[in-house]
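Participant: I am attaching a structure below and will ask some questions about it afterwards.
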Amino acid sequence: MPHHVKWLGHAACMIKTQSGKVVLIDPWITGNPACPVKKEELKQADLILVTHDHFDHMGSDIPDLVKATGATVIAQPELCSALQEAGVGAENIINGMGMNIGGTVEVAGIKVIMTQAFHSGTAGEAVGYIIILEDGKTIYHAGDTGIFASMELLGQIYPIDLALLPIGSVFVMDPVQAAYSLTLLKPRVAVPIHFGTFPILVQDGAGFAKLAAEKAPEVKVEVLKPGEEITL
């Protein structure tokens, strides 16, 4: 049975593993014009990963999602403190206080490594995540970031099956940087995210796909519409 990775619009993604575990990443659901689901429809989550506290990533739904699912939240300590003030109990936060860049935790058979990202944030720093599923399949969600040279190290340490990469420009990598990042990360498959949500962003994934074919032809690029998924 394969793993399923669904794009929920913007940077929000949902992973359903072959054993039925569910991981939500940056679940900005309410107010997300690209999101095809309502928070009430998300009835299961074992893990909720948050990359940073901007409204289009942390949103306002996490306390309700935690109450509905009992999920464990993974984020930096400063962001976890903000979530506790919003009503998330320490018992639903990894280690009761969060984790930080370079660390690895394991929940429900899924390993999560917090990585650096180059972006801004109010509560702590912006981060990305390497997610190693129960059978070893590995997913990288870059969070909001520009390109950085140590993406190459991440790809060497954690052979990546799927990279979820922002391409929207203005606030994150543009298609050129995102395509070049494939030469560093060397994933098997790449899916562009963080585009098309607002007029200011790059509106589609076609330019990224074309550049990726030139820069990293060995990488399969899947351009999804919100609500679509791929299998690993």
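Labeling convention for the structure tokens: chains A, B, ... as they appear, residues from 1 per chain, ligands from 1 in order of appearance.
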DSSP on the backbone, strand (DSSP E or B) only: what residues of range 43-117 of chain A does that give? Format it as an mmCIF file with N, CA and C atoms, in the first residue's frame.

Facilitator:
data_model
loop_
_atom_site.group_PDB
_atom_site.id
_atom_site.type_symbol
_atom_site.label_atom_id
_atom_site.label_comp_id
_atom_site.auth_asym_id
_atom_site.auth_seq_id
_atom_site.Cartn_x
_atom_site.Cartn_y
_atom_site.Cartn_z
ATOM 1 N N LEU A 47 0.330 13.959 13.540
ATOM 2 C CA LEU A 47 1.347 14.990 13.681
ATOM 3 C C LEU A 47 0.913 16.249 12.942
ATOM 4 N N ILE A 48 1.199 17.400 13.536
ATOM 5 C CA ILE A 48 1.033 18.683 12.860
ATOM 6 C C ILE A 48 2.369 19.398 12.915
ATOM 7 N N LEU A 49 2.949 19.663 11.749
ATOM 8 C CA LEU A 49 4.242 20.333 11.649
ATOM 9 C C LEU A 49 4.014 21.772 11.199
ATOM 10 N N THR A 72 -0.001 15.516 17.821
ATOM 11 C CA THR A 72 1.183 16.114 18.435
ATOM 12 C C THR A 72 1.723 17.196 17.511
ATOM 13 N N VAL A 73 1.937 18.390 18.055
ATOM 14 C CA VAL A 73 2.444 19.511 17.272
ATOM 15 C C VAL A 73 3.961 19.564 17.364
ATOM 16 N N ILE A 74 4.613 19.768 16.229
ATOM 17 C CA ILE A 74 6.057 19.944 16.168
ATOM 18 C C ILE A 74 6.344 21.332 15.617
ATOM 19 N N ILE A 93 2.226 18.926 22.554
ATOM 20 C CA ILE A 93 3.392 19.549 21.935
ATOM 21 C C ILE A 93 4.588 18.633 22.129
ATOM 22 N N THR A 104 16.108 15.600 15.869
ATOM 23 C CA THR A 104 15.254 14.545 15.336
ATOM 24 C C THR A 104 14.337 14.049 16.443
ATOM 25 N N VAL A 105 13.077 13.862 16.121
ATOM 26 C CA VAL A 105 12.131 13.244 17.047
ATOM 27 C C VAL A 105 11.420 12.124 16.299
ATOM 28 N N GLU A 106 10.789 11.241 17.049
ATOM 29 C CA GLU A 106 10.026 10.154 16.435
ATOM 30 C C GLU A 106 8.672 10.049 17.117
ATOM 31 N N VAL A 107 7.630 10.043 16.333
ATOM 32 C CA VAL A 107 6.265 9.920 16.827
ATOM 33 C C VAL A 107 5.529 8.937 15.919
ATOM 34 N N ILE A 110 7.205 7.630 12.861
ATOM 35 C CA ILE A 110 7.637 8.607 11.858
ATOM 36 C C ILE A 110 8.716 9.486 12.460
ATOM 37 N N LYS A 111 9.857 9.585 11.779
ATOM 38 C CA LYS A 111 10.948 10.449 12.244
ATOM 39 C C LYS A 111 10.820 11.824 11.585
ATOM 40 N N VAL A 112 11.028 12.859 12.370
ATOM 41 C CA VAL A 112 10.954 14.231 11.875
ATOM 42 C C VAL A 112 12.238 14.955 12.244
ATOM 43 N N ILE A 113 12.907 15.496 11.251
ATOM 44 C CA ILE A 113 14.131 16.278 11.454
ATOM 45 C C ILE A 113 13.813 17.721 11.087
ATOM 46 N N MET A 114 14.096 18.633 11.988
ATOM 47 C CA MET A 114 13.879 20.051 11.708
ATOM 48 C C MET A 114 15.115 20.619 11.024
ATOM 49 N N THR A 115 14.917 21.299 9.904
ATOM 50 C CA THR A 115 16.021 21.859 9.133
ATOM 51 C C THR A 115 15.943 23.381 9.120
ATOM 52 N N GLN A 116 17.012 24.003 8.737
ATOM 53 C CA GLN A 116 17.020 25.449 8.586
ATOM 54 C C GLN A 116 16.203 25.867 7.370
#

Participant: Need the shell around Gly121 in chain A: protein/DNA/RNA residues with any atom at most 7 Å away, counting only C-alpha atoms. Skip same-chain ones fewer than 5 positions apart. Format as a PyMOL selection string?

Facilitator: chain A and resi 52-54+126

Participant: Atoms to include: all heavy atoms. Write the selected residues as a short mmCIF file (atom, residue, chain, number, x, y, z; two decimals), in the first residue's frame.

Facilitator:
data_model
loop_
_atom_site.label_atom_id
_atom_site.label_comp_id
_atom_site.auth_asym_id
_atom_site.auth_seq_id
_atom_site.Cartn_x
_atom_site.Cartn_y
_atom_site.Cartn_z
N HIS A 52 6.58 28.08 10.47
CA HIS A 52 6.79 29.39 11.07
C HIS A 52 5.43 30.02 11.33
O HIS A 52 4.39 29.44 10.98
CB HIS A 52 7.67 30.29 10.19
CG HIS A 52 7.11 30.63 8.85
ND1 HIS A 52 6.85 29.69 7.88
CD2 HIS A 52 6.75 31.82 8.31
CE1 HIS A 52 6.37 30.28 6.80
NE2 HIS A 52 6.29 31.57 7.04
N ASP A 53 5.42 31.19 11.95
CA ASP A 53 4.17 31.72 12.48
C ASP A 53 3.47 32.74 11.59
O ASP A 53 2.53 33.40 12.04
CB ASP A 53 4.40 32.32 13.87
CG ASP A 53 5.27 33.59 13.84
OD1 ASP A 53 5.89 33.88 12.80
OD2 ASP A 53 5.33 34.27 14.88
N HIS A 54 3.84 32.88 10.35
CA HIS A 54 3.10 33.78 9.47
C HIS A 54 1.68 33.24 9.26
O HIS A 54 1.45 32.03 9.28
CB HIS A 54 3.81 33.96 8.13
CG HIS A 54 5.04 34.79 8.24
ND1 HIS A 54 6.00 34.85 7.24
CD2 HIS A 54 5.50 35.61 9.23
CE1 HIS A 54 6.97 35.67 7.61
NE2 HIS A 54 6.69 36.14 8.82
N ALA A 126 12.07 30.62 10.97
CA ALA A 126 11.43 29.74 10.00
C ALA A 126 12.26 28.47 9.82
O ALA A 126 13.49 28.51 9.90
CB ALA A 126 11.29 30.47 8.66
#

Participant: Let me make sure I understand: among A:Ile101, A:Ile193, A:Val172, A:Met151, which one has the smallest atom-to-atom distance to Asp26 in chain A if we use only C-alpha atoms?

Facilitator: A:Ile193

Participant: Can you list, as number ranges by chain, all residues belonging to range 26-204 of chain A that DSSP tags as alpha helix (DSSP H)?

Facilitator: A: 62-69, 77-85, 151-157, 175-185

Participant: Give me the residues within 7 Å of Pro2 in chain A as a CSV table (one decimal) with N, CA, C and O atoms, in the first residue's frame, counting only C-alpha atoms and dropping any in the same chain fewer than 2 places off.

Facilitator:
chain,number,residue,atom,x,y,z
A,4,HIS,N,0.3,8.5,0.5
A,4,HIS,CA,-0.3,9.5,-0.3
A,4,HIS,C,0.0,10.9,0.3
A,4,HIS,O,0.0,11.1,1.5
A,18,GLN,N,1.3,4.6,4.6
A,18,GLN,CA,0.8,3.3,4.2
A,18,GLN,C,0.1,2.6,5.4
A,18,GLN,O,-0.7,1.7,5.2
A,231,THR,N,1.3,9.5,-5.1
A,231,THR,CA,1.6,8.4,-4.2
A,231,THR,C,3.1,8.1,-4.3
A,231,THR,O,3.8,8.4,-5.3
A,232,LEU,N,3.6,7.6,-3.2
A,232,LEU,CA,5.0,7.2,-3.1
A,232,LEU,C,5.1,5.7,-2.8
A,232,LEU,O,4.4,5.2,-1.9

Participant: May I ask for the distance between CA of Thr122 in chain A and CA of Ile94 in chain A, given in Å to one decimal place?

Facilitator: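 So the two atoms, CA of Thr122 in chain A and CA of Ile94 in chain A, lie 20.1 Å apart.
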
Participant: Do you know which residues are at most 12 Å from Phe55 in chain A counting only C-alpha atoms, after dropping those on the same chain fewer than 3 positions away, and could you put them as a list in words?

Facilitator: His10, Ala11, Asp26, Pro27, Trp28, Ile29, Thr30, Gly31, Asn32, Val50, Thr51, His52, Met58, Gly59, Ser60, Asp61, Ile62, Gly121, Thr122 and Ala123 of chain A

Participant: Filtering to N, CA, C and O atoms, could you give me those residues as an mmCIF file, in the first residue's frame?

Facilitator:
data_model
loop_
_atom_site.group_PDB
_atom_site.id
_atom_site.type_symbol
_atom_site.label_atom_id
_atom_site.label_comp_id
_atom_site.auth_asym_id
_atom_site.auth_seq_id
_atom_site.Cartn_x
_atom_site.Cartn_y
_atom_site.Cartn_z
ATOM 1 N N HIS A 10 -1.434 26.437 -1.186
ATOM 2 C CA HIS A 10 -0.375 27.233 -0.580
ATOM 3 C C HIS A 10 0.736 26.296 -0.079
ATOM 4 O O HIS A 10 1.278 25.528 -0.859
ATOM 5 N N ALA A 11 1.085 26.348 1.215
ATOM 6 C CA ALA A 11 2.128 25.450 1.724
ATOM 7 C C ALA A 11 1.549 24.283 2.505
ATOM 8 O O ALA A 11 2.297 23.460 3.037
ATOM 9 N N ASP A 26 1.844 22.800 7.963
ATOM 10 C CA ASP A 26 1.351 24.173 7.763
ATOM 11 C C ASP A 26 -0.137 24.186 7.394
ATOM 12 O O ASP A 26 -0.527 24.704 6.331
ATOM 13 N N PRO A 27 -0.988 23.667 8.283
ATOM 14 C CA PRO A 27 -2.406 23.532 7.926
ATOM 15 C C PRO A 27 -3.191 24.838 8.031
ATOM 16 O O PRO A 27 -4.036 25.026 8.919
ATOM 17 N N TRP A 28 -2.904 25.755 7.116
ATOM 18 C CA TRP A 28 -3.700 26.970 6.979
ATOM 19 C C TRP A 28 -4.915 26.588 6.146
ATOM 20 O O TRP A 28 -4.837 26.480 4.929
ATOM 21 N N ILE A 29 -6.024 26.361 6.823
ATOM 22 C CA ILE A 29 -7.236 25.872 6.170
ATOM 23 C C ILE A 29 -8.265 26.999 6.065
ATOM 24 O O ILE A 29 -8.637 27.412 4.969
ATOM 25 N N THR A 30 -8.717 27.504 7.204
ATOM 26 C CA THR A 30 -9.693 28.585 7.215
ATOM 27 C C THR A 30 -9.061 29.871 6.693
ATOM 28 O O THR A 30 -8.024 30.301 7.185
ATOM 29 N N GLY A 31 -9.668 30.457 5.688
ATOM 30 C CA GLY A 31 -9.133 31.683 5.094
ATOM 31 C C GLY A 31 -8.185 31.451 3.939
ATOM 32 O O GLY A 31 -7.787 32.408 3.270
ATOM 33 N N ASN A 32 -7.824 30.210 3.690
ATOM 34 C CA ASN A 32 -6.929 29.886 2.573
ATOM 35 C C ASN A 32 -7.765 29.771 1.304
ATOM 36 O O ASN A 32 -8.537 28.820 1.157
ATOM 37 N N VAL A 50 4.628 22.715 11.906
ATOM 38 C CA VAL A 50 4.470 24.125 11.574
ATOM 39 C C VAL A 50 5.846 24.716 11.280
ATOM 40 O O VAL A 50 6.756 24.614 12.103
ATOM 41 N N THR A 51 5.987 25.351 10.116
ATOM 42 C CA THR A 51 7.303 25.858 9.714
ATOM 43 C C THR A 51 7.620 27.229 10.296
ATOM 44 O O THR A 51 8.769 27.532 10.573
ATOM 45 N N HIS A 52 6.582 28.077 10.469
ATOM 46 C CA HIS A 52 6.787 29.390 11.071
ATOM 47 C C HIS A 52 5.430 30.018 11.332
ATOM 48 O O HIS A 52 4.387 29.442 10.979
ATOM 49 N N MET A 58 0.781 29.169 9.915
ATOM 50 C CA MET A 58 0.243 28.729 11.197
ATOM 51 C C MET A 58 -1.270 28.888 11.240
ATOM 52 O O MET A 58 -1.981 28.042 11.761
ATOM 53 N N GLY A 59 -1.782 29.974 10.672
ATOM 54 C CA GLY A 59 -3.212 30.180 10.640
ATOM 55 C C GLY A 59 -3.820 30.185 12.033
ATOM 56 O O GLY A 59 -3.148 30.395 13.041
ATOM 57 N N SER A 60 -5.105 29.923 12.101
ATOM 58 C CA SER A 60 -5.829 29.919 13.382
ATOM 59 C C SER A 60 -6.455 28.571 13.710
ATOM 60 O O SER A 60 -7.134 28.444 14.734
ATOM 61 N N ASP A 61 -6.238 27.580 12.863
ATOM 62 C CA ASP A 61 -6.956 26.314 13.002
ATOM 63 C C ASP A 61 -6.276 25.286 13.904
ATOM 64 O O ASP A 61 -6.908 24.296 14.288
ATOM 65 N N ILE A 62 -5.012 25.487 14.244
ATOM 66 C CA ILE A 62 -4.272 24.429 14.929
ATOM 67 C C ILE A 62 -4.890 24.038 16.265
ATOM 68 O O ILE A 62 -5.042 22.835 16.534
ATOM 69 N N GLY A 121 10.245 35.348 10.765
ATOM 70 C CA GLY A 121 9.196 34.883 11.647
ATOM 71 C C GLY A 121 9.203 35.727 12.901
ATOM 72 O O GLY A 121 10.209 36.364 13.229
ATOM 73 N N THR A 122 8.098 35.737 13.619
ATOM 74 C CA THR A 122 8.010 36.511 14.853
ATOM 75 C C THR A 122 8.349 35.658 16.061
ATOM 76 O O THR A 122 9.127 36.063 16.922
ATOM 77 N N ALA A 123 7.769 34.472 16.116
ATOM 78 C CA ALA A 123 8.015 33.550 17.226
ATOM 79 C C ALA A 123 9.012 32.494 16.761
ATOM 80 O O ALA A 123 8.656 31.507 16.126
#

Participant: Determine, counting only C-alpha atoms, which protein, DNA and RNA residues have an atom within 8 Å of an atom of Asn100 in chain A; residues of the same chain fewer than 5 positions away are not included. Present the result as a PyMOL selection string.

Facilitator: chain A and resi 75-77+114

Participant: Can you write just those residues out, N, CA, C and O atoms, as a PDB file, in the first residue's frame?

Facilitator:
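As written to disk, selection.pdb reads:
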ATOM      1  N   ALA A  75       7.121  22.104  16.366  1.00  0.00           N
ATOM      2  CA  ALA A  75       7.505  23.456  15.972  1.00  0.00           C
ATOM      3  C   ALA A  75       8.615  23.902  16.908  1.00  0.00           C
ATOM      4  O   ALA A  75       8.966  23.199  17.861  1.00  0.00           O
ATOM      5  N   GLN A  76       9.159  25.084  16.634  1.00  0.00           N
ATOM      6  CA  GLN A  76      10.182  25.643  17.518  1.00  0.00           C
ATOM      7  C   GLN A  76       9.582  26.037  18.868  1.00  0.00           C
ATOM      8  O   GLN A  76       8.382  26.314  18.972  1.00  0.00           O
ATOM      9  N   PRO A  77      10.398  26.085  19.931  1.00  0.00           N
ATOM     10  CA  PRO A  77       9.872  26.406  21.264  1.00  0.00           C
ATOM     11  C   PRO A  77       9.109  27.720  21.336  1.00  0.00           C
ATOM     12  O   PRO A  77       8.057  27.801  21.980  1.00  0.00           O
ATOM     13  N   MET A 114      14.096  18.633  11.988  1.00  0.00           N
ATOM     14  CA  MET A 114      13.879  20.051  11.708  1.00  0.00           C
ATOM     15  C   MET A 114      15.115  20.619  11.024  1.00  0.00           C
ATOM     16  O   MET A 114      16.236  20.436  11.505  1.00  0.00           O
TER      17      MET A 114
END

Participant: What gap, in Å, lies between CA of Ala90 in chain A and CA of Lys21 in chain A?

Facilitator: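 Separation of CA of Ala90 in chain A and CA of Lys21 in chain A: 21.4 Å.
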
Participant: Which distance in Å separates CA of Gly128 in chain A and CA of Gly103 in chain A, to one decimal?

Facilitator: 11.7 Å

Participant: Choose the residue, out of A:Leu164, A:Ile200, A:Pro187, A:Leu83, that has the smallest atom-to-atom separation from Val223 in chain A; count only C-alpha atoms.

Facilitator: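 Of all the options, A:Leu164 lies closest to Val223 in chain A.
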
Participant: For each of A:Pro175, A:Val66, A:Ile25, A:Gln203, take the minimum atom-to-atom distance to Ile131 in chain A, counting only C-alpha atoms, then give the residue where this is smallest.

Facilitator: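 Looking only at the distances to Ile131 in chain A, the closest residue turns out to be A:Ile25.
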
Participant: With only C-alpha atoms as the counted atoms, please give the residues lying no more than 8 Å from Ala117 in chain A, apart from itself and same-chain residues fewer than 4 positions off, as a VMD selection string.

Facilitator: chain A and resid 126 to 128 142 to 146

Participant: Write out, as a PDB file, in the first residue's frame, the residues just selected, with N, CA and C atoms.

Facilitator:
ATOM      1  N   ALA A 126      12.072  30.620  10.971  1.00  0.00           N
ATOM      2  CA  ALA A 126      11.428  29.744  10.000  1.00  0.00           C
ATOM      3  C   ALA A 126      12.257  28.473   9.824  1.00  0.00           C
ATOM      4  N   VAL A 127      11.578  27.352   9.602  1.00  0.00           N
ATOM      5  CA  VAL A 127      12.264  26.074   9.465  1.00  0.00           C
ATOM      6  C   VAL A 127      11.634  25.269   8.326  1.00  0.00           C
ATOM      7  N   GLY A 128      12.283  24.172   8.004  1.00  0.00           N
ATOM      8  CA  GLY A 128      11.740  23.151   7.120  1.00  0.00           C
ATOM      9  C   GLY A 128      11.770  21.819   7.845  1.00  0.00           C
ATOM     10  N   ALA A 142      10.282  22.148   2.427  1.00  0.00           N
ATOM     11  CA  ALA A 142      11.301  23.176   2.621  1.00  0.00           C
ATOM     12  C   ALA A 142      10.820  24.349   3.460  1.00  0.00           C
ATOM     13  N   GLY A 143       9.490  24.450   3.717  1.00  0.00           N
ATOM     14  CA  GLY A 143       8.985  25.644   4.370  1.00  0.00           C
ATOM     15  C   GLY A 143       9.134  26.841   3.451  1.00  0.00           C
ATOM     16  N   ASP A 144       9.056  28.014   4.013  1.00  0.00           N
ATOM     17  CA  ASP A 144       9.307  29.231   3.236  1.00  0.00           C
ATOM     18  C   ASP A 144      10.799  29.513   3.276  1.00  0.00           C
ATOM     19  N   THR A 145      11.432  29.571   2.132  1.00  0.00           N
ATOM     20  CA  THR A 145      12.881  29.745   2.115  1.00  0.00           C
ATOM     21  C   THR A 145      13.365  30.223   0.755  1.00  0.00           C
ATOM     22  N   GLY A 146      14.524  30.849   0.777  1.00  0.00           N
ATOM     23  CA  GLY A 146      15.310  31.027  -0.422  1.00  0.00           C
ATOM     24  C   GLY A 146      16.224  29.823  -0.573  1.00  0.00           C
TER      25      GLY A 146
END

Participant: Under the rule that only C-alpha atoms are counted, which of A:Ala45, A:Leu182, A:Asp56, A:Glu222 is the nearest residue to Thr69 in chain A?

Facilitator: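 With only C-alpha atoms as the atom set, the closest residue is A:Ala45.
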
Participant: Please determine, counting only C-alpha atoms, which residue among A:Ala149, A:Ile230, A:Leu211, A:Met1 has the shortest atom-to-atom distance to Gly20 in chain A.

Facilitator: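 Distance minimum relative to Gly20 in chain A lands on A:Met1.
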
Participant: Go through A:Pro226, A:Met99, A:Lys137, A:Val176 and flag the residue nearest Lys210 in chain A, using only C-alpha atoms for the distances.

Facilitator: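 Closest residue, counting only C-alpha atoms: A:Val176.
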